[in-house]
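Trainee: Take a look at the following structure, please.
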Amino acid sequence: MIKVSIDGHLHDEKDAVISVFDRGFLYGDSVYEVMRTSGDYLVGRDYHLDRLEQSAHGIGLVLPPRQALIASMETTLASFDQSDAYVRLIVTRGSGPLGLDTSLADNPRVVIIAQSLKLPPEQHYIEGVRIAIVDVRRNVKDALNPAIKSGNYLNNILALSEGKKQGAEEAIMCNMLGCIAEGSTSNIFMIKDGHIGTPSAESGILKGVTRQAIMTLAYAMKQPVTESLITPDELKAADEAFLTSTIRGIIPVSHIDNKPLNAPGEVTLTLMTAYNDYLAQVATGKEP
Ligand code: PDD
């Protein structure tokens, strides 16, 4: 089942259309968030909306008020009678005559897509997935900053195609310094000698909402996560590694390129349990 809201009007999938002159379509001139529900609640909703605001600020786009976005998501979800939902909230700069100049745009357009949440196959959680460190680099922060979740994902699409050709489930991009940045739609963590690490913000990443939740859980378990620059050799020498994202949660990594890892390792399993407990708590309406 799919429900789509466009500027507050609900549509079924086949009637959900926007103009070919919309700048999101023409130039990727938009920002977005992907959320999921647990029970009736959007997991990490306020963190996603904070990040949407930061992304919009980063591209000079003025968003509709937060309460209006929340109300539209709630109306869309209310029309959607399934338990766990995937919710994509997109705000484009609007449409107008062809041309890059942002003053050509009319008004921001709010699109919300709600569909059934499709988690990765169970096997991925049990056996882990292969990842490949690809040649495609993550954008430099001074170009389109990876911290901005914009509708322009071509860089990540190219990375993922390269990874898929190598038989990997996810592609890991390095930054221009050659340090590990992140996956095409995920953040990465590694564990070495019991210590948990993840690429720092200065590595040029999207600061994942799931990444932050895992760091908070790990901290509470007295296993604080170190954020730093990580080289591909350091990552490959890890005892365990895992990917995080909203629609994956935590996925263990079984191989980096062809190097096998312990999957799921002990620390990864502990965090997977803690994250599932967190999701269960969100479902009760008490997001920690
Ligand atoms: N993407 N890095 C990138 C480049 C991403 O696109 C995503 C998520 C993440 C993880 O962020 P979070 O934990 O907030 O989901 C990291 C979403 C899921 C997507 O585009 O489908």
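Just remember, in the structure tokens the first chain shown is A, the second B, etc., residues are 1-based per chain, and ligands are 1-based in the order shown.
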Quick one: residues within 8 Å of ligand 1, with only C-alpha atoms and all ligand atoms, as a ChimeraX atom specification?

Mentor: /A:33-35,48,146,149,156,182-187,205-212,244-249

Trainee: Go ahead and write the selection's residues with N, CA and C atoms as a CSV table (one decimal), in the first residue's frame.

Mentor:
```csv
chain,number,residue,atom,x,y,z
A,33,GLU,N,13.9,13.5,3.9
A,33,GLU,CA,14.2,12.6,5.1
A,33,GLU,C,13.5,11.3,4.8
A,34,VAL,N,14.1,10.2,5.3
A,34,VAL,CA,13.5,8.9,5.3
A,34,VAL,C,13.3,8.5,6.7
A,35,MET,N,12.0,8.3,7.1
A,35,MET,CA,11.7,7.9,8.5
A,35,MET,C,11.0,6.5,8.5
A,48,HIS,N,15.0,13.8,12.8
A,48,HIS,CA,14.9,13.9,11.3
A,48,HIS,C,14.5,15.3,10.9
A,146,PRO,N,28.1,16.6,2.1
A,146,PRO,CA,27.4,15.3,2.4
A,146,PRO,C,26.5,15.4,3.6
A,149,LYS,N,21.2,16.5,3.3
A,149,LYS,CA,20.5,15.4,2.6
A,149,LYS,C,19.6,16.0,1.5
A,156,ASN,N,26.0,9.0,-5.0
A,156,ASN,CA,25.8,7.8,-4.2
A,156,ASN,C,25.3,6.6,-5.1
A,182,GLU,N,31.4,7.0,4.2
A,182,GLU,CA,30.1,6.3,4.5
A,182,GLU,C,29.6,5.5,3.4
A,183,GLY,N,28.5,4.8,3.6
A,183,GLY,CA,27.9,4.0,2.5
A,183,GLY,C,27.0,4.9,1.7
A,184,SER,N,26.4,4.3,0.6
A,184,SER,CA,25.6,5.1,-0.3
A,184,SER,C,24.3,5.6,0.4
A,185,THR,N,23.8,4.8,1.3
A,185,THR,CA,22.7,5.2,2.2
A,185,THR,C,22.8,4.7,3.6
A,186,SER,N,24.1,4.7,4.1
A,186,SER,CA,24.3,4.2,5.4
A,186,SER,C,25.5,4.7,6.0
A,187,ASN,N,25.6,4.7,7.3
A,187,ASN,CA,26.9,5.0,8.1
A,187,ASN,C,27.5,3.7,8.4
A,205,ILE,N,30.4,13.2,6.0
A,205,ILE,CA,29.3,12.2,6.0
A,205,ILE,C,28.0,12.9,6.3
A,206,LEU,N,26.9,12.1,6.1
A,206,LEU,CA,25.6,12.5,6.6
A,206,LEU,C,25.6,12.0,8.0
A,207,LYS,N,25.3,12.8,9.0
A,207,LYS,CA,25.2,12.4,10.3
A,207,LYS,C,23.9,11.7,10.5
A,208,GLY,N,24.0,10.3,10.5
A,208,GLY,CA,22.7,9.5,10.5
A,208,GLY,C,22.0,9.6,11.8
A,209,VAL,N,20.7,9.6,11.8
A,209,VAL,CA,19.9,9.6,13.0
A,209,VAL,C,20.1,8.2,13.7
A,210,THR,N,20.2,7.2,12.9
A,210,THR,CA,20.5,5.9,13.5
A,210,THR,C,21.9,5.8,14.1
A,211,ARG,N,22.9,6.4,13.4
A,211,ARG,CA,24.3,6.5,13.9
A,211,ARG,C,24.2,7.2,15.3
A,212,GLN,N,23.5,8.3,15.4
A,212,GLN,CA,23.4,9.0,16.7
A,212,GLN,C,22.8,8.1,17.8
A,244,THR,N,24.6,1.2,9.5
A,244,THR,CA,23.4,1.7,10.2
A,244,THR,C,22.6,2.6,9.2
A,245,SER,N,21.3,2.5,9.3
A,245,SER,CA,20.4,3.5,8.6
A,245,SER,C,19.0,3.2,9.1
A,246,THR,N,18.2,4.2,8.9
A,246,THR,CA,16.8,4.2,9.3
A,246,THR,C,16.1,2.9,8.9
A,247,ILE,N,16.2,2.5,7.6
A,247,ILE,CA,15.4,1.3,7.2
A,247,ILE,C,16.2,0.0,7.4
A,248,ARG,N,17.4,0.1,7.8
A,248,ARG,CA,18.2,-1.2,8.1
A,248,ARG,C,18.2,-1.4,9.6
A,249,GLY,N,18.3,-0.4,10.4
A,249,GLY,CA,18.7,-0.5,11.8
A,249,GLY,C,20.2,-0.8,11.7
```

Trainee: Determine which residues of range 127-232 of chain A receive a DSSP assignment of helix (DSSP H, G or I), computed from the backbone, and state them as an NGL selection string.

Mentor: :A and (127 or 154-165 or 201-203 or 209-220 or 232)

Trainee: Can you pull out every residue within 9 Å of Tyr275 in chain A, counting only C-alpha atoms, but drop anything in the same chain fewer than 5 positions away, and send it as JSON, numbers by chain?

Mentor: {"A": [213, 214, 217, 249, 250, 270, 280]}

Trainee: Could you save the residues just selected, with N, CA, C and O atoms, as an mmCIF file, in the first residue's frame?

Mentor:
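After the write, result.cif holds the following:
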```cif
data_model
loop_
_atom_site.group_PDB
_atom_site.id
_atom_site.type_symbol
_atom_site.label_atom_id
_atom_site.label_comp_id
_atom_site.auth_asym_id
_atom_site.auth_seq_id
_atom_site.Cartn_x
_atom_site.Cartn_y
_atom_site.Cartn_z
ATOM 1 N N ALA A 213 21.694 7.402 17.416
ATOM 2 C CA ALA A 213 20.998 6.538 18.388
ATOM 3 C C ALA A 213 21.950 5.443 18.877
ATOM 4 O O ALA A 213 21.987 5.141 20.082
ATOM 5 N N ILE A 214 22.733 4.876 17.962
ATOM 6 C CA ILE A 214 23.671 3.805 18.339
ATOM 7 C C ILE A 214 24.755 4.366 19.271
ATOM 8 O O ILE A 214 25.130 3.727 20.257
ATOM 9 N N LEU A 217 23.239 4.704 22.667
ATOM 10 C CA LEU A 217 23.065 3.394 23.312
ATOM 11 C C LEU A 217 24.417 2.849 23.783
ATOM 12 O O LEU A 217 24.539 2.330 24.894
ATOM 13 N N GLY A 249 18.303 -0.360 10.369
ATOM 14 C CA GLY A 249 18.723 -0.516 11.766
ATOM 15 C C GLY A 249 20.214 -0.798 11.722
ATOM 16 O O GLY A 249 20.979 -0.041 11.126
ATOM 17 N N ILE A 250 20.604 -1.951 12.286
ATOM 18 C CA ILE A 250 22.025 -2.349 12.252
ATOM 19 C C ILE A 250 22.171 -3.601 11.398
ATOM 20 O O ILE A 250 21.478 -4.593 11.624
ATOM 21 N N THR A 270 25.219 -7.239 20.572
ATOM 22 C CA THR A 270 24.735 -6.518 21.762
ATOM 23 C C THR A 270 24.020 -5.239 21.340
ATOM 24 O O THR A 270 22.948 -4.906 21.853
ATOM 25 N N ALA A 280 11.296 -0.978 20.278
ATOM 26 C CA ALA A 280 10.122 -1.461 21.020
ATOM 27 C C ALA A 280 9.647 -0.376 21.984
ATOM 28 O O ALA A 280 8.439 -0.189 22.188
#
```

Trainee: Please provide the set of residues having any atom within 6 Å of Ala263 in chain A, restricted to only C-alpha atoms, with same-chain residues fewer than 2 positions apart removed, written as a PDB file with N, CA, C and O atoms, in the first residue's frame.

Mentor:
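Contents of around_30.pdb, freshly written:
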```
ATOM      1  N   GLY A 128      25.160 -11.260   7.872  1.00  0.00           N
ATOM      2  CA  GLY A 128      25.899 -10.055   7.488  1.00  0.00           C
ATOM      3  C   GLY A 128      25.899  -9.873   5.978  1.00  0.00           C
ATOM      4  O   GLY A 128      25.418 -10.743   5.241  1.00  0.00           O
ATOM      5  N   PRO A 252      25.115  -6.320  10.197  1.00  0.00           N
ATOM      6  CA  PRO A 252      26.525  -6.716  10.318  1.00  0.00           C
ATOM      7  C   PRO A 252      27.197  -6.821   8.948  1.00  0.00           C
ATOM      8  O   PRO A 252      26.537  -7.109   7.953  1.00  0.00           O
ATOM      9  N   SER A 254      29.854  -8.854   6.701  1.00  0.00           N
ATOM     10  CA  SER A 254      30.524 -10.170   6.669  1.00  0.00           C
ATOM     11  C   SER A 254      31.864 -10.104   5.939  1.00  0.00           C
ATOM     12  O   SER A 254      32.779 -10.854   6.257  1.00  0.00           O
ATOM     13  N   LEU A 261      34.979 -10.980   7.914  1.00  0.00           N
ATOM     14  CA  LEU A 261      34.926 -10.456   9.285  1.00  0.00           C
ATOM     15  C   LEU A 261      34.011 -11.348  10.110  1.00  0.00           C
ATOM     16  O   LEU A 261      33.179 -12.068   9.550  1.00  0.00           O
ATOM     17  N   GLY A 265      29.454 -10.087  15.055  1.00  0.00           N
ATOM     18  CA  GLY A 265      30.332 -10.231  16.216  1.00  0.00           C
ATOM     19  C   GLY A 265      29.586  -9.912  17.501  1.00  0.00           C
ATOM     20  O   GLY A 265      28.435  -9.467  17.481  1.00  0.00           O
TER      21      GLY A 265
END
```

Trainee: Could you state the separation of CA of Leu63 in chain A and CA of Pro108 in chain A in Å, given to one decimal place?

Mentor: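 Calculated distance between CA of Leu63 in chain A and CA of Pro108 in chain A is 7.1 Å.
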
Trainee: Using only C-alpha atoms, which residue out of A:Gly99, A:Gly58, A:Gly151, A:Gly178 lies closest to Tyr32 in chain A?

Mentor: A:Gly151

Trainee: Identify, on the basis of only C-alpha atoms, every residue whose closest approach to Leu104 in chain A does not exceed 12 Å; exclude the query and any residue fewer than 6 positions from it along the same chain; express the result as a PDB file with N, CA and C atoms, in the first residue's frame.

Mentor:
```pdb
ATOM      1  N   PHE A  21       8.276  20.601 -14.400  1.00  0.00           N
ATOM      2  CA  PHE A  21       9.050  21.828 -14.165  1.00  0.00           C
ATOM      3  C   PHE A  21       9.441  21.978 -12.694  1.00  0.00           C
ATOM      4  N   ASP A  22       9.119  20.963 -11.906  1.00  0.00           N
ATOM      5  CA  ASP A  22       9.535  21.018 -10.508  1.00  0.00           C
ATOM      6  C   ASP A  22      11.055  20.891 -10.441  1.00  0.00           C
ATOM      7  N   ARG A  23      11.670  21.741  -9.635  1.00  0.00           N
ATOM      8  CA  ARG A  23      13.140  21.785  -9.589  1.00  0.00           C
ATOM      9  C   ARG A  23      13.746  20.555  -8.911  1.00  0.00           C
ATOM     10  N   ARG A  93      12.175  22.879  -4.051  1.00  0.00           N
ATOM     11  CA  ARG A  93      12.122  24.345  -4.068  1.00  0.00           C
ATOM     12  C   ARG A  93      10.904  24.834  -4.860  1.00  0.00           C
ATOM     13  N   GLY A  94      10.198  23.901  -5.505  1.00  0.00           N
ATOM     14  CA  GLY A  94       9.020  24.294  -6.278  1.00  0.00           C
ATOM     15  C   GLY A  94       9.333  24.301  -7.764  1.00  0.00           C
ATOM     16  N   SER A  95       8.408  24.827  -8.554  1.00  0.00           N
ATOM     17  CA  SER A  95       8.646  24.811 -10.005  1.00  0.00           C
ATOM     18  C   SER A  95       8.691  26.234 -10.535  1.00  0.00           C
ATOM     19  N   GLY A  96       8.994  26.342 -11.829  1.00  0.00           N
ATOM     20  CA  GLY A  96       9.112  27.658 -12.446  1.00  0.00           C
ATOM     21  C   GLY A  96       9.753  27.500 -13.809  1.00  0.00           C
ATOM     22  N   PRO A  97      10.028  28.632 -14.474  1.00  0.00           N
ATOM     23  CA  PRO A  97      10.671  28.554 -15.787  1.00  0.00           C
ATOM     24  C   PRO A  97      12.033  27.871 -15.678  1.00  0.00           C
ATOM     25  N   LEU A  98      12.496  27.266 -16.787  1.00  0.00           N
ATOM     26  CA  LEU A  98      13.789  26.591 -16.771  1.00  0.00           C
ATOM     27  C   LEU A  98      14.905  27.579 -16.453  1.00  0.00           C
TER      28      LEU A  98
END
```

Trainee: What does the distance from CA of Ser38 in chain A to CA of Ile113 in chain A come to in Å, to one decimal?

Mentor: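 About the pair CA of Ser38 in chain A and CA of Ile113 in chain A: they are 16.6 Å apart.
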
Trainee: Pick out the residues sitting within 10 Å of Ala171 in chain A, and hand them over as a VMD selection string; count only C-alpha atoms, and ignore anything fewer than 6 positions along from it in its own chain.

Mentor: chain A and resid 130 to 136 156 to 164 182 to 186 256 to 257

Trainee: Just write the chosen residues, N, CA and C atoms, as a CSV table (one decimal), in the first residue's frame.

Mentor:
```
chain,number,residue,atom,x,y,z
A,130,ARG,N,28.1,-8.3,2.4
A,130,ARG,CA,29.4,-7.8,1.8
A,130,ARG,C,29.4,-6.3,1.5
A,131,ILE,N,30.5,-5.7,1.8
A,131,ILE,CA,30.6,-4.3,1.4
A,131,ILE,C,31.8,-4.1,0.6
A,132,ALA,N,31.8,-3.1,-0.3
A,132,ALA,CA,33.0,-2.9,-1.1
A,132,ALA,C,33.4,-1.4,-1.0
A,133,ILE,N,34.7,-1.2,-0.8
A,133,ILE,CA,35.2,0.2,-0.8
A,133,ILE,C,35.5,0.5,-2.2
A,134,VAL,N,34.7,1.5,-2.7
A,134,VAL,CA,34.6,1.8,-4.1
A,134,VAL,C,35.6,3.0,-4.5
A,135,ASP,N,35.8,3.1,-5.8
A,135,ASP,CA,36.6,4.2,-6.3
A,135,ASP,C,35.9,5.6,-6.3
A,136,VAL,N,34.6,5.5,-6.5
A,136,VAL,CA,33.8,6.8,-6.5
A,136,VAL,C,34.0,7.4,-5.1
A,156,ASN,N,26.0,9.0,-5.0
A,156,ASN,CA,25.8,7.8,-4.2
A,156,ASN,C,25.3,6.6,-5.1
A,157,ILE,N,24.5,7.0,-6.2
A,157,ILE,CA,24.0,6.0,-7.1
A,157,ILE,C,25.2,5.4,-7.9
A,158,LEU,N,26.2,6.3,-8.3
A,158,LEU,CA,27.4,5.8,-9.0
A,158,LEU,C,28.2,4.9,-8.1
A,159,ALA,N,28.3,5.2,-6.8
A,159,ALA,CA,29.1,4.4,-5.9
A,159,ALA,C,28.4,3.1,-5.7
A,160,LEU,N,27.1,3.1,-5.5
A,160,LEU,CA,26.4,1.8,-5.3
A,160,LEU,C,26.5,0.9,-6.6
A,161,SER,N,26.4,1.5,-7.8
A,161,SER,CA,26.5,0.6,-9.0
A,161,SER,C,27.9,0.0,-9.0
A,162,GLU,N,28.9,0.7,-8.6
A,162,GLU,CA,30.2,0.2,-8.6
A,162,GLU,C,30.3,-1.0,-7.6
A,163,GLY,N,29.8,-0.7,-6.4
A,163,GLY,CA,29.8,-1.8,-5.4
A,163,GLY,C,29.0,-3.0,-5.8
A,164,LYS,N,27.8,-2.8,-6.4
A,164,LYS,CA,27.0,-4.0,-6.9
A,164,LYS,C,27.8,-4.8,-7.9
A,182,GLU,N,31.4,7.0,4.2
A,182,GLU,CA,30.1,6.3,4.5
A,182,GLU,C,29.6,5.5,3.4
A,183,GLY,N,28.5,4.8,3.6
A,183,GLY,CA,27.9,4.0,2.5
A,183,GLY,C,27.0,4.9,1.7
A,184,SER,N,26.4,4.3,0.6
A,184,SER,CA,25.6,5.1,-0.3
A,184,SER,C,24.3,5.6,0.4
A,185,THR,N,23.8,4.8,1.3
A,185,THR,CA,22.7,5.2,2.2
A,185,THR,C,22.8,4.7,3.6
A,186,SER,N,24.1,4.7,4.1
A,186,SER,CA,24.3,4.2,5.4
A,186,SER,C,25.5,4.7,6.0
A,256,ILE,N,34.7,-7.2,3.9
A,256,ILE,CA,35.0,-5.9,3.3
A,256,ILE,C,35.9,-6.2,2.1
A,257,ASP,N,35.5,-5.8,0.9
A,257,ASP,CA,36.1,-6.3,-0.3
A,257,ASP,C,36.1,-7.9,-0.1
```

Trainee: Using DSSP on the backbone, list every residue of range 6-251 of chain A that comes out as strand (DSSP E or B), and give them as a ChimeraX atom specification.

Mentor: /A:6,9-12,22,30-38,41-42,85-92,95,109-116,129-133,150,170-174,180-183,187-192,195-199,225-228,240-245,249-251

Trainee: Point out the residue among A:Val20, A:Ala283, A:Ile251, A:Met190 with the least atom-to-atom distance to Glu127 in chain A, counting only C-alpha atoms.

Mentor: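 Distance minimum relative to Glu127 in chain A lands on A:Ile251.
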
Trainee: Skip Leu117 in chain A itself and residues of its chain fewer than 3 positions away, then list as an MDAnalysis selection string all residues within 7 Å of it, counting only C-alpha atoms.

Mentor: chainID A and resid 84:86

Trainee: So, counting only C-alpha atoms, which residue among A:Leu61, A:Met215, A:Val140, A:Met221 is closest to Ser103 in chain A?

Mentor: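 When distances to Ser103 in chain A are compared using only C-alpha atoms, the smallest one comes from A:Leu61.
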